[in-house]
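Colleague: So here's protein_36.txt, just compact mmCIF, C-alpha atoms and all ligand atoms:
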# COMPACT_ATOMS: atom_id res chain seq x y z
CA MET O 13 62.50 196.11 155.17
CA HIS O 14 64.23 199.40 154.64
CA ALA O 15 62.62 202.48 156.19
CA TRP O 16 62.99 206.01 154.78
CA PRO O 17 65.67 208.70 155.05
CA ALA O 18 65.89 210.71 158.26
CA SER O 19 65.70 214.47 158.13
CA GLU O 20 68.30 216.04 160.38
CA VAL O 21 67.16 217.18 163.83
CA PRO O 22 69.04 220.34 164.85
CA ALA O 23 70.35 220.42 168.42
CA LEU O 24 68.91 223.30 170.46
CA PRO O 25 70.53 225.31 173.21
CA GLY O 26 69.59 224.13 176.70
CA LYS O 27 67.73 220.94 177.41
CA GLY O 28 64.19 219.72 176.84
CA ARG O 29 61.64 218.66 179.44
CA ASP O 30 60.51 215.19 180.42
CA LEU O 31 57.34 214.17 178.65
CA ARG O 32 54.02 213.92 180.46
CA ILE O 33 51.60 212.00 178.30
CA HIS O 34 48.17 210.43 178.47
CA ASP O 35 48.30 206.68 179.08
CA THR O 36 45.18 204.79 178.06
CA ALA O 37 45.80 202.05 180.65
CA THR O 38 45.83 204.38 183.65
CA GLY O 39 43.44 206.86 182.06
CA GLY O 40 45.58 209.82 183.07
CA LEU O 41 48.83 211.66 182.49
CA VAL O 42 52.05 209.84 183.31
CA THR O 43 55.55 211.31 183.35
CA LEU O 44 57.70 208.99 181.30
CA ASP O 45 61.13 208.21 182.62
CA PRO O 46 62.96 206.45 179.79
CA GLY O 47 66.57 205.48 180.17
CA PRO O 48 69.29 206.98 177.97
CA VAL O 49 67.73 205.04 175.09
CA ALA O 50 63.96 205.55 174.93
CA ARG O 51 62.06 202.65 173.35
CA ILE O 52 58.91 203.11 171.27
CA TYR O 53 56.81 200.81 169.10
CA VAL O 54 54.28 202.40 166.76
CA CYS O 55 51.91 200.21 164.79
CA GLY O 56 52.44 200.60 161.07
CA ILE O 57 50.09 200.62 158.12
CA THR O 58 48.24 197.83 156.42
CA PRO O 59 49.42 198.72 152.93
CA TYR O 60 46.38 198.32 150.70
CA ASP O 61 45.75 202.02 150.06
CA ALA O 62 47.67 205.29 150.26
CA THR O 63 48.48 207.25 153.43
CA HIS O 64 45.50 209.40 154.39
CA MET O 65 45.40 212.36 156.76
CA GLY O 66 44.33 210.12 159.66
CA HIS O 67 47.44 207.98 159.32
CA ALA O 68 49.59 211.07 158.93
CA ALA O 69 48.09 212.64 162.08
CA THR O 70 48.78 209.52 164.13
CA TYR O 71 52.39 209.20 162.93
CA ASN O 72 52.85 212.92 163.52
CA ALA O 73 51.90 212.44 167.19
CA PHE O 74 54.54 209.76 167.72
CA ASP O 75 57.11 211.81 165.84
CA LEU O 76 56.57 214.54 168.43
CA VAL O 77 57.16 212.03 171.23
CA GLN O 78 60.55 211.28 169.70
CA ARG O 79 61.45 214.92 169.15
CA VAL O 80 60.74 215.66 172.82
CA TRP O 81 62.98 212.75 173.83
CA LEU O 82 65.74 213.78 171.43
CA ASP O 83 65.61 217.27 172.91
CA THR O 84 66.33 215.71 176.34
CA LYS O 85 69.53 214.35 174.73
CA ARG O 86 68.28 210.78 174.76
CA GLN O 87 68.63 208.35 171.93
CA VAL O 88 65.43 206.87 170.55
CA HIS O 89 64.97 203.25 169.57
CA TYR O 90 61.91 203.29 167.33
CA VAL O 91 60.29 200.22 165.82
CA GLN O 92 57.40 200.13 163.37
CA ASN O 93 55.78 197.23 161.51
CA VAL O 94 54.02 196.84 158.18
CA THR O 95 50.99 194.53 158.21
CA ASP O 96 51.90 193.21 154.79
CA VAL O 97 49.58 190.22 154.86
CA ASP O 98 46.04 190.52 156.24
CA ASP O 99 42.41 189.95 155.23
CA PRO O 100 41.72 193.51 153.99
CA LEU O 101 44.91 193.52 151.92
CA LEU O 102 44.07 190.19 150.30
CA GLU O 103 40.48 191.31 149.70
CA ARG O 104 41.60 194.56 148.04
CA ALA O 105 44.10 192.72 145.84
CA ASN O 106 41.37 190.28 144.80
CA ARG O 107 38.87 193.05 144.11
CA ASP O 108 41.34 194.91 141.91
CA GLY O 109 42.80 191.82 140.26
CA LYS O 110 46.25 192.65 141.61
CA ASP O 111 48.97 190.52 143.10
CA TRP O 112 48.80 191.07 146.89
CA VAL O 113 52.59 191.30 147.23
CA GLU O 114 52.80 193.98 144.54
CA LEU O 115 49.92 195.91 146.10
CA ALA O 116 51.64 195.84 149.52
CA GLU O 117 55.03 196.81 148.13
CA GLY O 118 53.63 199.65 146.05
CA GLU O 119 51.62 201.17 148.90
CA THR O 120 54.52 200.76 151.34
CA ALA O 121 56.80 202.60 148.90
CA LEU O 122 54.28 205.43 148.66
CA PHE O 123 54.01 205.54 152.48
CA ARG O 124 57.80 205.95 152.72
CA GLU O 125 57.64 208.87 150.29
CA ASP O 126 54.86 210.50 152.29
CA MET O 127 56.72 210.05 155.58
CA THR O 128 59.88 211.51 154.04
CA ALA O 129 58.02 214.50 152.63
CA LEU O 130 56.39 215.15 156.01
CA ARG O 131 59.78 214.87 157.76
CA LEU O 132 58.55 212.12 160.06
CA LEU O 133 61.53 210.39 161.62
CA PRO O 134 62.05 206.84 160.35
CA PRO O 135 62.04 203.80 162.62
CA LYS O 136 65.35 202.12 163.33
CA HIS O 137 63.69 198.79 162.53
CA TYR O 138 60.92 198.70 159.93
CA ILE O 139 59.63 195.14 159.88
CA GLY O 140 57.05 193.43 157.72
CA ALA O 141 54.73 190.81 159.18
CA VAL O 142 55.81 188.35 156.49
CA GLU O 143 59.49 188.67 157.33
CA ALA O 144 58.61 188.24 161.02
CA ILE O 145 56.87 184.86 160.52
CA PRO O 146 59.92 182.71 161.45
CA GLY O 147 60.00 184.51 164.81
CA ILE O 148 56.24 184.33 165.32
CA VAL O 149 55.88 180.55 164.97
CA PRO O 150 57.94 179.64 168.08
CA LEU O 151 56.01 182.19 170.15
CA VAL O 152 52.69 180.60 169.20
CA GLU O 153 54.12 177.14 169.87
CA ARG O 154 55.28 178.29 173.28
CA LEU O 155 51.88 179.78 174.15
CA ARG O 156 50.22 176.54 173.10
CA ASP O 157 52.69 174.40 175.06
CA MET O 158 52.19 176.44 178.21
CA GLY O 159 48.39 176.12 177.94
CA ALA O 160 47.76 179.76 177.02
CA ALA O 161 46.55 178.82 173.53
CA TYR O 162 44.38 176.08 172.05
CA GLU O 163 43.46 174.62 168.69
CA LEU O 164 40.09 174.92 166.99
CA GLU O 165 39.70 173.19 163.61
CA GLY O 166 43.36 173.73 162.83
CA ASP O 167 43.43 177.39 163.90
CA ILE O 168 45.21 178.38 167.11
CA TYR O 169 43.54 180.79 169.55
CA PHE O 170 44.97 182.71 172.48
CA SER O 171 43.13 182.26 175.74
CA VAL O 172 42.57 185.74 177.19
CA GLU O 173 42.15 184.19 180.63
CA SER O 174 45.83 183.23 180.64
CA ASP O 175 46.81 186.84 181.41
CA ALA O 176 45.70 188.16 184.80
CA HIS O 177 46.05 191.71 183.44
CA PHE O 178 43.75 191.21 180.44
CA GLY O 179 41.44 194.22 180.10
CA GLU O 180 43.78 196.70 181.74
CA VAL O 181 44.92 198.49 178.58
CA SER O 182 41.50 199.55 177.33
CA GLY O 183 39.60 199.32 180.62
CA LEU O 184 36.46 198.22 178.73
CA ASP O 185 33.74 195.92 180.02
CA THR O 186 33.04 192.58 178.36
CA ALA O 187 30.04 193.79 176.36
CA ALA O 188 32.01 196.68 174.85
CA MET O 189 34.92 194.37 174.11
CA LYS O 190 32.65 191.94 172.25
CA LEU O 191 31.22 194.68 170.08
CA LEU O 192 34.64 196.08 169.19
CA SER O 193 36.11 192.64 168.64
CA ALA O 194 33.46 191.92 166.00
CA GLU O 195 34.07 195.29 164.32
CA ARG O 196 37.85 195.07 164.34
CA GLY O 197 38.89 191.74 162.94
CA GLY O 198 37.85 189.38 165.76
CA ASP O 199 35.32 186.54 165.56
CA PRO O 200 33.37 186.53 168.86
CA GLU O 201 30.56 184.50 167.27
CA ARG O 202 32.70 181.54 166.24
CA VAL O 203 31.43 178.35 167.88
CA GLY O 204 33.90 176.31 169.93
CA LYS O 205 36.02 179.12 171.35
CA LYS O 206 36.69 179.05 175.09
CA ASN O 207 35.98 182.75 175.40
CA PRO O 208 34.30 184.73 172.60
CA LEU O 209 37.05 187.36 172.89
CA ASP O 210 39.93 184.93 172.31
CA PRO O 211 41.89 186.18 169.27
CA MET O 212 43.55 184.05 166.64
CA LEU O 213 47.28 183.49 166.88
CA TRP O 214 47.70 181.28 163.84
CA MET O 215 45.25 180.74 161.00
CA ALA O 216 45.50 177.39 159.22
CA ALA O 217 46.05 177.74 155.46
CA ARG O 218 42.87 178.60 153.50
CA ASP O 219 42.37 177.72 149.83
CA GLY O 220 43.53 180.45 147.51
CA GLU O 221 45.31 182.39 150.28
CA PRO O 222 49.04 182.68 150.94
CA SER O 223 50.43 180.45 153.68
CA TRP O 224 53.76 179.72 155.32
CA ASP O 225 55.43 176.83 157.08
CA GLY O 226 54.33 176.96 160.71
CA GLY O 227 56.39 174.05 162.07
CA SER O 228 54.24 172.08 164.50
CA LEU O 229 51.39 174.56 163.86
CA GLY O 230 51.03 173.41 160.26
CA ARG O 231 50.90 175.72 157.25
CA GLY O 232 49.11 179.00 157.77
CA ARG O 233 49.59 182.65 158.57
CA PRO O 234 49.85 184.62 161.80
CA GLY O 235 47.10 186.48 163.61
CA TRP O 236 47.40 190.25 163.69
CA HIS O 237 48.26 190.91 167.35
CA ILE O 238 51.05 188.35 167.67
CA GLU O 239 52.85 189.95 164.71
CA CYS O 240 53.36 193.23 166.55
CA VAL O 241 54.26 191.37 169.76
CA ALA O 242 56.92 189.27 168.04
CA ILE O 243 58.46 192.33 166.39
CA ALA O 244 58.35 194.42 169.58
CA LEU O 245 59.84 191.67 171.77
CA ASP O 246 62.53 190.95 169.21
CA HIS O 247 63.66 194.56 168.84
CA LEU O 248 62.66 196.25 172.11
CA GLY O 249 61.98 193.60 174.76
CA MET O 250 59.43 193.83 177.60
CA GLY O 251 58.72 197.05 179.45
CA PHE O 252 59.45 199.44 176.59
CA ASP O 253 58.37 203.03 177.04
CA VAL O 254 55.51 203.68 174.61
CA GLN O 255 53.19 201.53 172.54
CA GLY O 256 51.50 203.82 170.06
CA GLY O 257 48.71 203.94 167.52
CA GLY O 258 45.35 205.46 166.77
CA SER O 259 42.55 205.12 169.33
CA ASP O 260 40.99 202.34 167.24
CA LEU O 261 43.96 200.14 168.21
CA ALA O 262 43.45 200.31 172.00
CA PHE O 263 41.03 197.41 171.74
CA PRO O 264 41.51 194.72 170.63
CA HIS O 265 44.97 195.17 169.15
CA HIS O 266 46.97 196.68 172.02
CA GLU O 267 44.94 194.89 174.68
CA MET O 268 45.59 191.51 173.07
CA GLY O 269 49.21 192.29 172.29
CA ALA O 270 49.90 193.16 175.93
CA SER O 271 48.26 189.93 177.07
CA HIS O 272 50.16 187.80 174.54
CA ALA O 273 53.47 189.25 175.67
CA GLN O 274 52.68 189.10 179.39
CA ALA O 275 51.53 185.47 179.13
CA LEU O 276 54.62 184.56 177.11
CA THR O 277 57.19 186.14 179.38
CA GLY O 278 55.51 186.14 182.78
CA GLU O 279 56.64 189.77 182.98
CA TYR O 280 54.52 192.91 183.32
CA PRO O 281 53.94 195.31 181.66
CA PHE O 282 54.46 194.91 177.94
CA ALA O 283 54.65 198.70 177.54
CA LYS O 284 54.96 201.36 180.24
CA ALA O 285 52.44 203.60 178.48
CA TYR O 286 49.81 203.02 175.81
CA VAL O 287 49.35 206.19 173.85
CA HIS O 288 46.50 206.70 171.41
CA ALA O 289 45.83 209.40 168.87
CA GLY O 290 42.31 210.61 168.05
CA MET O 291 40.51 209.81 164.82
CA VAL O 292 40.56 212.17 161.88
CA GLY O 293 37.31 212.29 159.96
CA LEU O 294 35.99 213.65 156.71
CA ASP O 295 32.35 214.59 156.14
CA GLY O 296 31.31 213.35 159.56
CA ALA O 297 32.83 209.87 159.42
CA LYS O 298 36.17 208.44 160.52
CA MET O 299 38.53 208.52 157.56
CA SER O 300 39.08 204.88 156.69
CA LYS O 301 40.26 202.79 153.80
CA SER O 302 37.20 200.59 154.09
CA LYS O 303 34.81 203.59 153.91
CA GLY O 304 36.78 205.27 151.14
CA ASN O 305 36.26 208.84 152.44
CA LEU O 306 39.89 209.73 152.17
CA VAL O 307 42.22 212.66 151.64
CA PHE O 308 45.62 211.30 150.69
CA VAL O 309 48.96 212.88 151.55
CA SER O 310 50.28 211.86 148.12
CA GLN O 311 47.34 213.51 146.34
CA LEU O 312 47.89 216.79 148.17
CA ARG O 313 51.58 216.60 147.28
CA ARG O 314 50.70 216.02 143.62
CA ASP O 315 48.38 219.03 143.82
CA GLY O 316 51.41 221.08 144.80
CA VAL O 317 50.63 221.52 148.50
CA ASP O 318 53.83 222.11 150.49
CA PRO O 319 54.33 219.13 152.87
CA ALA O 320 55.29 221.63 155.58
CA ALA O 321 51.76 223.04 155.32
CA ILE O 322 50.27 219.55 155.62
CA ARG O 323 52.34 219.05 158.72
CA LEU O 324 51.20 222.37 160.19
CA ALA O 325 47.59 221.38 159.51
CA LEU O 326 48.13 218.21 161.58
CA LEU O 327 49.93 220.11 164.34
CA ALA O 328 47.05 222.56 164.67
CA HIS O 329 45.01 219.80 166.36
CA HIS O 330 45.74 218.17 169.68
CA TYR O 331 46.76 214.58 169.00
CA ARG O 332 44.11 213.15 171.31
CA ALA O 333 41.24 215.09 169.75
CA ASP O 334 38.96 213.62 167.11
CA TRP O 335 38.80 216.19 164.34
CA GLU O 336 37.64 216.76 160.77
CA TRP O 337 39.85 217.42 157.78
CA THR O 338 38.48 220.35 155.76
CA ASP O 339 39.80 222.69 153.07
CA ALA O 340 39.76 225.46 155.67
CA VAL O 341 42.16 223.48 157.90
CA LEU O 342 44.62 223.29 155.04
CA ALA O 343 44.12 226.92 153.98
CA GLU O 344 44.86 228.10 157.53
CA ALA O 345 48.04 226.01 157.62
CA VAL O 346 49.22 227.42 154.28
CA GLU O 347 48.62 230.93 155.57
CA ARG O 348 50.47 230.20 158.85
CA LEU O 349 53.44 228.71 157.00
CA GLY O 350 53.71 231.87 154.89
CA ARG O 351 53.55 234.06 157.98
CA TRP O 352 56.24 232.06 159.80
CA ARG O 353 58.51 231.95 156.78
CA ALA O 354 58.26 235.70 156.34
CA ALA O 355 59.04 236.20 160.04
CA VAL O 356 62.19 234.04 160.04
CA SER O 357 63.47 235.46 156.76
CA ARG O 358 64.24 238.81 158.40
CA PRO O 359 67.82 239.45 159.55
CA ASP O 360 66.85 239.92 163.20
CA GLY O 361 63.84 239.85 165.48
CA PRO O 362 62.48 239.56 169.02
CA SER O 363 64.52 237.35 171.33
CA ALA O 364 63.66 233.69 170.84
CA GLU O 365 64.86 232.21 174.12
CA ALA O 366 61.48 232.37 175.83
CA LEU O 367 59.80 230.97 172.72
CA VAL O 368 61.98 227.86 172.69
CA GLU O 369 61.04 227.23 176.32
CA GLU O 370 57.34 227.76 175.53
CA ILE O 371 57.44 225.21 172.71
CA ARG O 372 59.27 222.75 174.97
CA GLU O 373 56.75 223.25 177.77
CA ALA O 374 53.77 222.87 175.43
CA LEU O 375 55.02 219.61 173.92
CA ALA O 376 56.09 218.15 177.26
CA ASN O 377 52.53 218.76 178.43
CA ASP O 378 50.84 215.84 176.63
CA LEU O 379 52.12 216.98 173.23
CA ASP O 380 50.14 220.21 173.15
CA ALA O 381 51.13 221.15 169.60
CA PRO O 382 48.35 223.76 169.20
CA ALA O 383 49.83 225.64 172.18
CA ALA O 384 53.27 225.41 170.57
CA LEU O 385 51.89 226.85 167.31
CA ALA O 386 50.21 229.68 169.22
CA ALA O 387 53.54 230.56 170.85
CA VAL O 388 55.27 230.75 167.46
CA ASP O 389 52.34 232.81 166.13
CA ARG O 390 52.88 235.32 168.95
CA TRP O 391 56.61 235.57 168.21
CA ALA O 392 55.91 236.04 164.48
CA ALA O 393 53.34 238.75 165.25
CA ARG O 394 55.95 240.69 167.24
CA GLN O 395 58.31 240.69 164.26
CA GLY O 396 58.24 244.19 162.89
CA ALA O 397 55.71 245.36 165.51
CA ASP O 398 57.41 245.99 168.87
CA GLY O 399 60.28 244.35 167.08
CA GLY O 400 63.48 243.59 168.86
CA ALA O 401 66.75 243.32 167.04
CA ASP O 402 68.26 240.07 168.23
CA GLU O 403 70.37 238.97 165.32
CA GLY O 404 70.32 235.28 166.09
CA ALA O 405 66.59 235.07 166.79
CA PRO O 406 65.17 234.08 163.37
CA GLY O 407 67.72 231.28 163.11
CA VAL O 408 66.92 230.02 166.59
CA VAL O 409 63.21 229.99 165.77
CA SER O 410 63.82 228.13 162.51
CA ARG O 411 65.88 225.50 164.25
CA ALA O 412 63.42 225.11 167.12
CA VAL O 413 60.45 224.75 164.77
CA ASP O 414 62.43 222.19 162.77
CA ALA O 415 63.78 220.21 165.75
CA LEU O 416 60.63 220.16 167.88
CA LEU O 417 57.81 220.33 165.33
CA GLY O 418 59.45 218.81 162.24
CA VAL O 419 58.59 221.82 160.09
CA ALA O 420 61.30 223.21 157.80
CA LEU O 421 60.85 226.96 157.41
N1 LIG I 1 48.47 197.66 160.47
C1 LIG I 1 47.61 197.98 161.56
C2 LIG I 1 48.37 198.23 162.84
S1 LIG I 1 49.45 196.91 163.25
C3 LIG I 1 46.75 199.19 161.22
O1 LIG I 1 45.96 199.58 162.06
N2 LIG I 1 46.95 199.73 160.02
S2 LIG I 1 46.11 200.97 159.44
O2 LIG I 1 46.70 201.23 158.14
O3 LIG I 1 44.73 200.68 159.47
O4 LIG I 1 46.35 202.18 160.36
C4 LIG I 1 47.65 202.69 160.59
C5 LIG I 1 47.62 203.66 161.77
O5 LIG I 1 46.79 204.78 161.45
C6 LIG I 1 47.03 203.04 163.06
O6 LIG I 1 47.71 203.54 164.19
C7 LIG I 1 45.60 203.55 163.06
O7 LIG I 1 45.08 203.64 164.37
C8 LIG I 1 45.79 204.93 162.46
N3 LIG I 1 44.57 205.43 161.81
C9 LIG I 1 43.78 204.78 160.90
N4 LIG I 1 42.73 205.57 160.53
C10 LIG I 1 42.86 206.73 161.23
C11 LIG I 1 42.10 207.95 161.29
N5 LIG I 1 41.00 208.12 160.57
N6 LIG I 1 42.54 208.93 162.12
C12 LIG I 1 43.67 208.78 162.87
N7 LIG I 1 44.43 207.65 162.84
C13 LIG I 1 44.03 206.64 162.04
ZN ZN I 2 50.17 196.68 165.43
Once you've parsed the file, please lay out its structure as structure tokens.
Ligand code: 5CA
Ligand code: ZN

Modeller:
Amino acid sequence: MHAWPASEVPALPGKGRDLRIHDTATGGLVTLDPGPVARIYVCGITPYDATHMGHAATYNAFDLVQRVWLDTKRQVHYVQNVTDVDDPLLERANRDGKDWVELAEGETALFREDMTALRLLPPKHYIGAVEAIPGIVPLVERLRDMGAAYELEGDIYFSVESDAHFGEVSGLDTAAMKLLSAERGGDPERVGKKNPLDPMLWMAARDGEPSWDGGSLGRGRPGWHIECVAIALDHLGMGFDVQGGGSDLAFPHHEMGASHAQALTGEYPFAKAYVHAGMVGLDGAKMSKSKGNLVFVSQLRRDGVDPAAIRLALLAHHYRADWEWTDAVLAEAVERLGRWRAAVSRPDGPSAEALVEEIREALANDLDAPAALAAVDRWAARQGADGGADEGAPGVVSRAVDALLGVAL
């Protein structure tokens, strides 16, 4: 699939800091040490509805990861998927009497527009689950042939016991895993499974549902976790730097994905860090397509809201926090954008060197965007007050805010 156009990232004077970030698997901060090419996989959307503020907040977090890396003069190899066939997508298409392919294509196109408007950097490889199927089938066959997967009434399940490290990503106990598995696409109650937590790798064709040639697996479609594993292994390989998504993906999705990959390759770990963004809610509940309590990026854009203000509204919250979208959050961001634009539109201003270092330090410290915004606020407040007449300063601030925060002033 094609991704979306990249906005330019200005180069800044000096050099950025190495990123310290919270890793779900170790439960603490880790200092990442990527090579000259940092590798990141971020789980993409299931395209049955438009991009809401929760999605945007999560993709914003991983955009910051890349901007910190780019500022350390590294290249970034970024991969993202699209879950373009899945139960909720098929159900929504059925409900609305739409063709599932058209629904997926339409929502993916809208997602690209939203990402472009928000200046979120595009992945180098943007891969749909459907186009990945030819690469998924041999992985499932291999897992089955090595005894890490088994058949149940035509479906193929992964045996979680085949990975000695199973459970290490989320750190949850079995009872918690069972609950979450039932809530998030698993089927712990199905009779005949070796372990209730075992996830499906390949689902035999069901009447009225799309299916593909699965070689020795028979016709069917892939399970959710193996899709992301196949795409990540194909484009990044084992031991990539960051696996990212919202906190609802830690279990089962990232847990199972790590185990699939580790069982397949005999190598450890799948990803060096598992990074999870908090959940954005509306009216006291997690914003979700299934609940329908949504604020869409595209709707705000249609209402004339500047995408830079939407981005500032996201940046005003720490990526790991759970927070609520409200009108006041947006109003504050609009006001801040106006203040910053006025400050950088002057011909000179207070020296910006210290500010660039403050933004770098804030982001390197577990992506503390609110601290970065506060630093820019302080610089903007000094404009015209105690002043300073550094001619280059407004330009430096503009470029730093663009390069490190993705906001065009
Ligand atoms: N297609 C799968 C991943 S392979 C999926 O989870 N799709 S999604 O459309 O449901 O979500 C896309 C991303 O947005 C995921 O990282 C998910 O964790 C994140 N996300 C979903 N809802 C929220 C929310 N309310 N707040 C923050 N992030 C969210
Ligand atoms: Zn995924």

Colleague: Quick check, in Å to one decimal: how far apart do atom CA of O:Val54 and atom CA of O:Asp260 lie?

Modeller: 13.3 Å

Colleague: Enumerate residues in contact with ligand ZN 2 (chain I): an atom-to-atom distance of at most 8 Å, counting all atoms listed in the file. Format the result as a ChimeraX atom specification.

Modeller: /O:54-56,93,95,236-237,239-241,257,261,265-266

Colleague: Residues within 8 Å of stretch 136-146 of chain O, please, as a list in words. Count all atoms listed in the file; anything in the same chain fewer than 2 positions from it doesn't count.

Modeller: Met13, His14, Ala15, His89, Tyr90, Val91, Gln92, Asn93, Val94, Thr95, Asp96, Val97, Pro134, Ile148, Val149, Pro150, Trp224, Arg233, Pro234, Glu239, Cys240, Ala242, Ile243 and His247 of chain O

Colleague: In terms of the shortest atom-to-atom distance over all atoms listed in the file, which of O:His64, O:Arg323, O:Lys27, O:Arg131 is closest to ligand LIG 1 (chain I)?

Modeller: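 Checking each candidate against ligand LIG 1 (chain I), we get O:His64 as the closest.
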
Colleague: Using only C-alpha atoms and all ligand atoms, what are the residues with an atom within 6 Å of ligand LIG 1 (chain I), set out as an MDAnalysis selection string?

Modeller: chainID O and resid 55:58 66:67 69:70 95 257:261 290:293 298:300

Colleague: Which protein, DNA or RNA residues have an atom at most 12 Å from (32.4, 196.3, 171.7), counting all atoms listed in the file? List them as a PyMOL selection string.

Modeller: chain O and resi 182-200+208-209+260+262-264

Colleague: Report as a list in words all protein, DNA and RNA residues lying within 6 Å of O:Met212, evaluated on only C-alpha atoms, omitting residues in the same chain fewer than 5 positions from it.

Modeller: Ile168, Tyr169 and Gly235 of chain O

Colleague: So how far away is atom CA of O:Asp253 from atom CA of O:Arg51, in Å?

Modeller: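 Between atom CA of O:Arg51 and atom CA of O:Asp253 the gap works out to 5.2 Å.
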
Colleague: Give the answer as one residue: which of O:Ala345, O:Ala37, O:Ala381, O:Ala18 has the shortest atom-to-atom distance to O:Phe282, using only C-alpha atoms?

Modeller: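 Nearest candidate to O:Phe282 out of O:Ala345, O:Ala37, O:Ala381, O:Ala18: O:Ala37.
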
Colleague: Take atom CA of O:Leu421 and atom CA of O:Gln395 and report the distance between them in Å, one decimal.

Modeller: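 Between atom CA of O:Leu421 and atom CA of O:Gln395 the gap works out to 15.6 Å.
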
Colleague: Residues at most 12 Å from O:Arg313, counting only C-alpha atoms, excluding those fewer than 5 positions away in the same chain, as a PDB file with C-alpha atoms, in the coordinates of the input?

Modeller:
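The file below, selection-v2.pdb, is the result:
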ATOM      1  CA  THR O  63      48.480 207.250 153.430  1.00  0.00           C
ATOM      2  CA  HIS O  64      45.500 209.400 154.390  1.00  0.00           C
ATOM      3  CA  LEU O 122      54.280 205.430 148.660  1.00  0.00           C
ATOM      4  CA  GLU O 125      57.640 208.870 150.290  1.00  0.00           C
ATOM      5  CA  ASP O 126      54.860 210.500 152.290  1.00  0.00           C
ATOM      6  CA  MET O 127      56.720 210.050 155.580  1.00  0.00           C
ATOM      7  CA  THR O 128      59.880 211.510 154.040  1.00  0.00           C
ATOM      8  CA  ALA O 129      58.020 214.500 152.630  1.00  0.00           C
ATOM      9  CA  LEU O 130      56.390 215.150 156.010  1.00  0.00           C
ATOM     10  CA  VAL O 307      42.220 212.660 151.640  1.00  0.00           C
ATOM     11  CA  PHE O 308      45.620 211.300 150.690  1.00  0.00           C
ATOM     12  CA  ASP O 318      53.830 222.110 150.490  1.00  0.00           C
ATOM     13  CA  PRO O 319      54.330 219.130 152.870  1.00  0.00           C
ATOM     14  CA  ALA O 320      55.290 221.630 155.580  1.00  0.00           C
ATOM     15  CA  ALA O 321      51.760 223.040 155.320  1.00  0.00           C
ATOM     16  CA  ILE O 322      50.270 219.550 155.620  1.00  0.00           C
ATOM     17  CA  ARG O 323      52.340 219.050 158.720  1.00  0.00           C
TER      18      ARG O 323
END

Colleague: Using all atoms listed in the file, collect all residues at a distance of at most 12 Å from (62.5, 213.4, 170.8) as written in the file, then present them as a PyMOL selection string.

Modeller: chain O and resi 21-24+27-31+46+48-52+73-90+132-133+372+375-376+379+414-418

Colleague: Could you write out that same residue set with C-alpha atoms as a compact mmCIF listing (two decimals), keeping the file's coordinate frame?

Modeller:
# COMPACT_ATOMS: atom_id res chain seq x y z
CA VAL O 21 67.16 217.18 163.83
CA PRO O 22 69.04 220.34 164.85
CA ALA O 23 70.35 220.42 168.42
CA LEU O 24 68.91 223.30 170.46
CA LYS O 27 67.73 220.94 177.41
CA GLY O 28 64.19 219.72 176.84
CA ARG O 29 61.64 218.66 179.44
CA ASP O 30 60.51 215.19 180.42
CA LEU O 31 57.34 214.17 178.65
CA PRO O 46 62.96 206.45 179.79
CA PRO O 48 69.29 206.98 177.97
CA VAL O 49 67.73 205.04 175.09
CA ALA O 50 63.96 205.55 174.93
CA ARG O 51 62.06 202.65 173.35
CA ILE O 52 58.91 203.11 171.27
CA ALA O 73 51.90 212.44 167.19
CA PHE O 74 54.54 209.76 167.72
CA ASP O 75 57.11 211.81 165.84
CA LEU O 76 56.57 214.54 168.43
CA VAL O 77 57.16 212.03 171.23
CA GLN O 78 60.55 211.28 169.70
CA ARG O 79 61.45 214.92 169.15
CA VAL O 80 60.74 215.66 172.82
CA TRP O 81 62.98 212.75 173.83
CA LEU O 82 65.74 213.78 171.43
CA ASP O 83 65.61 217.27 172.91
CA THR O 84 66.33 215.71 176.34
CA LYS O 85 69.53 214.35 174.73
CA ARG O 86 68.28 210.78 174.76
CA GLN O 87 68.63 208.35 171.93
CA VAL O 88 65.43 206.87 170.55
CA HIS O 89 64.97 203.25 169.57
CA TYR O 90 61.91 203.29 167.33
CA LEU O 132 58.55 212.12 160.06
CA LEU O 133 61.53 210.39 161.62
CA ARG O 372 59.27 222.75 174.97
CA LEU O 375 55.02 219.61 173.92
CA ALA O 376 56.09 218.15 177.26
CA LEU O 379 52.12 216.98 173.23
CA ASP O 414 62.43 222.19 162.77
CA ALA O 415 63.78 220.21 165.75
CA LEU O 416 60.63 220.16 167.88
CA LEU O 417 57.81 220.33 165.33
CA GLY O 418 59.45 218.81 162.24

Colleague: Need the axis-aligned box for stretch 80-85 of chain O with 3 Å each side, so what are the centre and edges in Å to one decimal, as JSON?

Modeller:
{"center_x": 65.1, "center_y": 215.0, "center_z": 173.9, "size_x": 14.8, "size_y": 10.5, "size_z": 10.9}

Colleague: Tell me, as a ChimeraX atom specification, which residues lie within 12 Å of O:Arg351, counting all atoms listed in the file; anything in the same chain fewer than 3 positions away does not count.

Modeller: /O:321,344-348,354-358,385,388-395,421
